[in-house]
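Chemist: So that we are looking at the same thing, I have put the structure below in structure tokens.
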Amino acid sequence: MESSKNNDWETVSGEYFDAADVYERELKTVFARSWQFIGHESMVQEPGDFVSLPMGNDAIVLWKDAASGRARAYLNKCRHRGNKLCLHDRGKANSFTCSFHGWTYGTSGQLTGVPREREAYRTTLDRDRLGLVEVPRVEAVGGLLFGTWDPTAPALRDYLGEATPLLERYVDNAGLGGLQFLPQPQKYIMPVNWKLLAENFAGDDYHFKVTHASVISLMKQNPTAALSHGLQKERRFTVATNFGAGAAHGFLELKVGPEAYQEDLAKAEKLGPEAVEWVRHRHQVISGDDDDLAYAFHAGNLFPNLALIGISSALYASGFLLWIPRGPHETEIVQWAAVDRDAPDIVKRRAVSVLKDRQAAAGMVAPDDHENFERIAANVRGSVSRTVPFDYSMAAGISEQFPDPDDADYAARWSQRGLGTLFPQVSEANQREFYRTWDSYLEGTS
């Protein structure tokens, strides 16, 4: 990746979003070696519960083992002829039987049934050798489950690094009952390279006022509507975790000050005293009396391909978006909605409504992004266009210098707490870090 290394990722070649050989390298390095989101503990609570998701372009099934009680992940592939074994997105099963030749597997991954085994094989079949291929490492932070194919990978908490306390405090807080995922995610396909989606959530606050100008106008016209979240002008920052070392995870709109909390309280008053009590309780659980802690952040991306949205309010459901690569020019998106389990029903309904109105396939915000991404994707397929690099030079080398001394002081205190490095709200530092991490996986130096 020499063409971008020379300028410290201030530009990124258009070919990286188009070339088939780059995509194949990503599958073998980034997606075969990094930690990837594979589900939440609430999805597999009882023995036999399962959800099926991809890791990169490999289909897996996360399955609660009846014997050990562990959530285990297996390649969703029969060992006989490679047929896909589990054909459903979620459910409960004590065994899976292949629809081709009828081989059957139990929750511990063992091969338990082979039709006409004695007659067909005429000898003892080595069933231990032919069990399901298991993802060697499955670990959790909070209730979020991640897997990696690399048995030598660092522990998940080390991989997430400074992102770990952010996830445990703001995303899946045990003091709020943990997360409750709605059972059915949205799924759709976009004709765009997965990296453009991931880096957008990791660090692009620059686009919002332009791309979503119509949404901002609607928010101002209808300030009491569910859509209108985030009109307050609190201090906001971009957060880079593991900056300059390890896998780079980025977060947007870290909200500092009382404004976002006061906005939630005002909106909760229209829902009733139960909602007001919850907003106050949630604020106390997350921030307590610590003035140095932000109220929330709005969006983020955990390298490589799990994005978060709506982590900004007691009244805004958390969105989890998985960017699944389907080739250099196509990405499948799976998006879940999740709410704090202990929240009152009236708060949960309102929170899901806000997410649906904004960040959904047919919401008010996401389609604006989709149109831009599709036009970019069309351009990088041009023989000349793909040779023209993308520019990521915004404040390169000076982005850590805050223009406001008060911001610089707060950024230093935040960093001392081990919660990441703060940058101004509008910055491209996180995108540069994203591509440094991406390159380190491709080059085998991560």
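How things are named: the first chain in the structure tokens is A, the next is B, and so on; residues count from 1 in each chain; ligands count from 1 in the order shown.
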Among stretch 301-434 of chain A, which residues carry a DSSP assignment of alpha helix (DSSP H), reported as a PyMOL selection string?
Modeler: chain A and resi 345-358+366-379+405-416+429-434
Chemist: With the cut-off set at 12 Å and counting only C-alpha atoms, tabulate each residue of stretch 72-172 of chain A with an atom at most that distance from an atom of stretch 271-291 of chain A, showing the nearest atom pair and its distance in Å to one decimal, ordered by chain and increasing number, as a tab-separated table.
Modeler:
```
residue	atom	partner	partner_atom	distance
A:Pro165	CA	A:Ile286	CA	11.2
A:Leu166	CA	A:Ile286	CA	10.3
A:Leu167	CA	A:Ile286	CA	11.3
A:Glu168	CA	A:Ile286	CA	9.6
A:Arg169	CA	A:Ile286	CA	6.0
A:Tyr170	CA	A:Ile286	CA	6.8
A:Val171	CA	A:Ile286	CA	10.0
A:Asp172	CA	A:Ile286	CA	10.7
```
Chemist: Print the selection's residues with C-alpha atoms to a file, as a PDB file, in the first residue's frame.
Modeler:
```pdb
ATOM      1  CA  PRO A 165     -14.886   1.384  29.034  1.00  0.00           C
ATOM      2  CA  LEU A 166     -16.844   3.464  26.512  1.00  0.00           C
ATOM      3  CA  LEU A 167     -18.829   0.393  25.454  1.00  0.00           C
ATOM      4  CA  GLU A 168     -19.425  -0.726  29.025  1.00  0.00           C
ATOM      5  CA  ARG A 169     -20.511   2.715  30.195  1.00  0.00           C
ATOM      6  CA  TYR A 170     -22.517   4.083  27.294  1.00  0.00           C
ATOM      7  CA  VAL A 171     -23.568   1.119  25.158  1.00  0.00           C
ATOM      8  CA  ASP A 172     -24.229  -2.003  27.232  1.00  0.00           C
TER       9      ASP A 172
END
```
Chemist: Within 9 Å of stretch 142-154 of chain A, counting only C-alpha atoms, which residues show up once you throw out same-chain ones fewer than 4 positions away? Write them as a count of residues only, please.
Modeler: 31
Chemist: Neighbours of stretch 75-80 of chain A within 6 Å (only C-alpha atoms; same-chain residues fewer than 5 positions away dropped), as a list in words?
Modeler: Ala59, Ile60, Val61, Leu85, Leu130 and Val133 of chain A
Chemist: Need the shell around A:Leu419: protein/DNA/RNA residues with any atom at most 10 Å away, counting only C-alpha atoms. Skip same-chain ones fewer than 6 positions apart. Format as JSON, numbers by chain?
Modeler: {"A": [161, 162, 163, 164, 165, 166, 239, 240, 241, 242, 293, 413]}
Chemist: Please identify which residues in stretch 153-365 of chain A DSSP calls strand (DSSP E) from the backbone, and express them as JSON, numbers by chain.
Modeler: {"A": [179, 180, 181, 186, 187, 188, 189, 190, 235, 236, 237, 238, 239, 240, 241, 249, 250, 251, 252, 253, 254, 255, 256, 299, 300, 301, 302, 306, 307, 308, 309, 318, 319, 320, 321, 322, 323, 324, 325, 331, 332, 333, 334, 335, 336, 337, 338, 339, 340]}
Chemist: One decimal, in Å: what's the spacing between atom CA of A:Ile333 and atom CA of A:Glu199?
Modeler: 14.6 Å
Chemist: Nearest to A:Arg358 among A:Ser318, A:Thr445, A:Asn94, A:Ser52, with distances taken over only C-alpha atoms: which residue is it?
Modeler: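 With only C-alpha atoms as the atom set, the closest residue is A:Ser318.
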Chemist: A:Gly418, A:Pro183, A:Pro115, A:Gly106: which is nearest A:Val51, counting only C-alpha atoms?
Modeler: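 Between A:Gly418, A:Pro183, A:Pro115, A:Gly106, the residue approaching A:Val51 most closely is A:Pro183.
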Chemist: Ranking A:Ala19, A:His329, A:Leu302, A:Asp264 by minimum distance to A:Leu156 and counting only C-alpha atoms, which one comes first?
Modeler: A:Leu302
Chemist: A:Trp414, A:Tyr188, A:Phe320, A:Phe303: which is nearest A:Tyr435, counting only C-alpha atoms?
Modeler: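 With only C-alpha atoms as the atom set, the closest residue is A:Phe303.
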Chemist: Let me make sure I understand: among A:Cys98, A:Val426, A:Ala314, A:Ala338, which one has the smallest atom-to-atom distance to A:Ala266 if we use only C-alpha atoms?
Modeler: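 So, comparing all the options, the nearest one is A:Ala314.
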Chemist: Let me make sure I understand: among A:Tyr16, A:Phe181, A:Tyr316, A:Tyr206, which one has the smallest atom-to-atom distance to A:Ala268 if we use only C-alpha atoms?
Modeler: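 Among A:Tyr16, A:Phe181, A:Tyr316, A:Tyr206, it is A:Tyr316 that comes nearest to A:Ala268.
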Chemist: Give me the residues near A:Leu197 as a list in words, where near means some atom within 10 Å (using only C-alpha atoms) and where sequence neighbours in that chain fewer than 2 positions away do not count.
Modeler: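 Returned residues: Met190, Val192, Asn193, Trp194, Lys195, Glu199, Asn200, Phe201, Ala202, Asn301, Asn305, Ala307, Leu321, Leu322, Trp323, Thr331, Ile333, Asp369, His370 and Phe373 of chain A.
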Chemist: Just how far from atom CA of A:Gly109 is atom CA of A:Gly56, in Å to one decimal?
Modeler: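 Going from atom CA of A:Gly56 over to atom CA of A:Gly109, I get 21.1 Å.
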Chemist: If we count only C-alpha atoms and set the cut-off at 9 Å, which residues sit around A:Phe390, ignoring sequence neighbours fewer than 5 positions away in its own chain? Please answer as a list in words.
Modeler: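 My list of contacting residues is Glu10, Thr11, Val12, Ser13 and Gly14 of chain A.
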Chemist: Any chance you can output those residues with N, CA and C atoms as a PDB file, in the first residue's frame?
Modeler:
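part-v3.pdb was written with the following content:
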```pdb
ATOM      1  N   GLU A  10      -2.818  10.796   4.268  1.00  0.00           N
ATOM      2  CA  GLU A  10      -3.534  12.021   3.939  1.00  0.00           C
ATOM      3  C   GLU A  10      -4.285  11.871   2.628  1.00  0.00           C
ATOM      4  N   THR A  11      -3.902  10.900   1.805  1.00  0.00           N
ATOM      5  CA  THR A  11      -4.693  10.511   0.642  1.00  0.00           C
ATOM      6  C   THR A  11      -4.809   8.991   0.649  1.00  0.00           C
ATOM      7  N   VAL A  12      -5.884   8.504   0.029  1.00  0.00           N
ATOM      8  CA  VAL A  12      -6.124   7.067  -0.083  1.00  0.00           C
ATOM      9  C   VAL A  12      -6.496   6.780  -1.535  1.00  0.00           C
ATOM     10  N   SER A  13      -5.833   5.828  -2.116  1.00  0.00           N
ATOM     11  CA  SER A  13      -6.043   5.516  -3.530  1.00  0.00           C
ATOM     12  C   SER A  13      -7.468   5.032  -3.792  1.00  0.00           C
ATOM     13  N   GLY A  14      -8.065   5.531  -4.870  1.00  0.00           N
ATOM     14  CA  GLY A  14      -9.387   5.072  -5.268  1.00  0.00           C
ATOM     15  C   GLY A  14      -9.416   3.595  -5.609  1.00  0.00           C
TER      16      GLY A  14
END
```
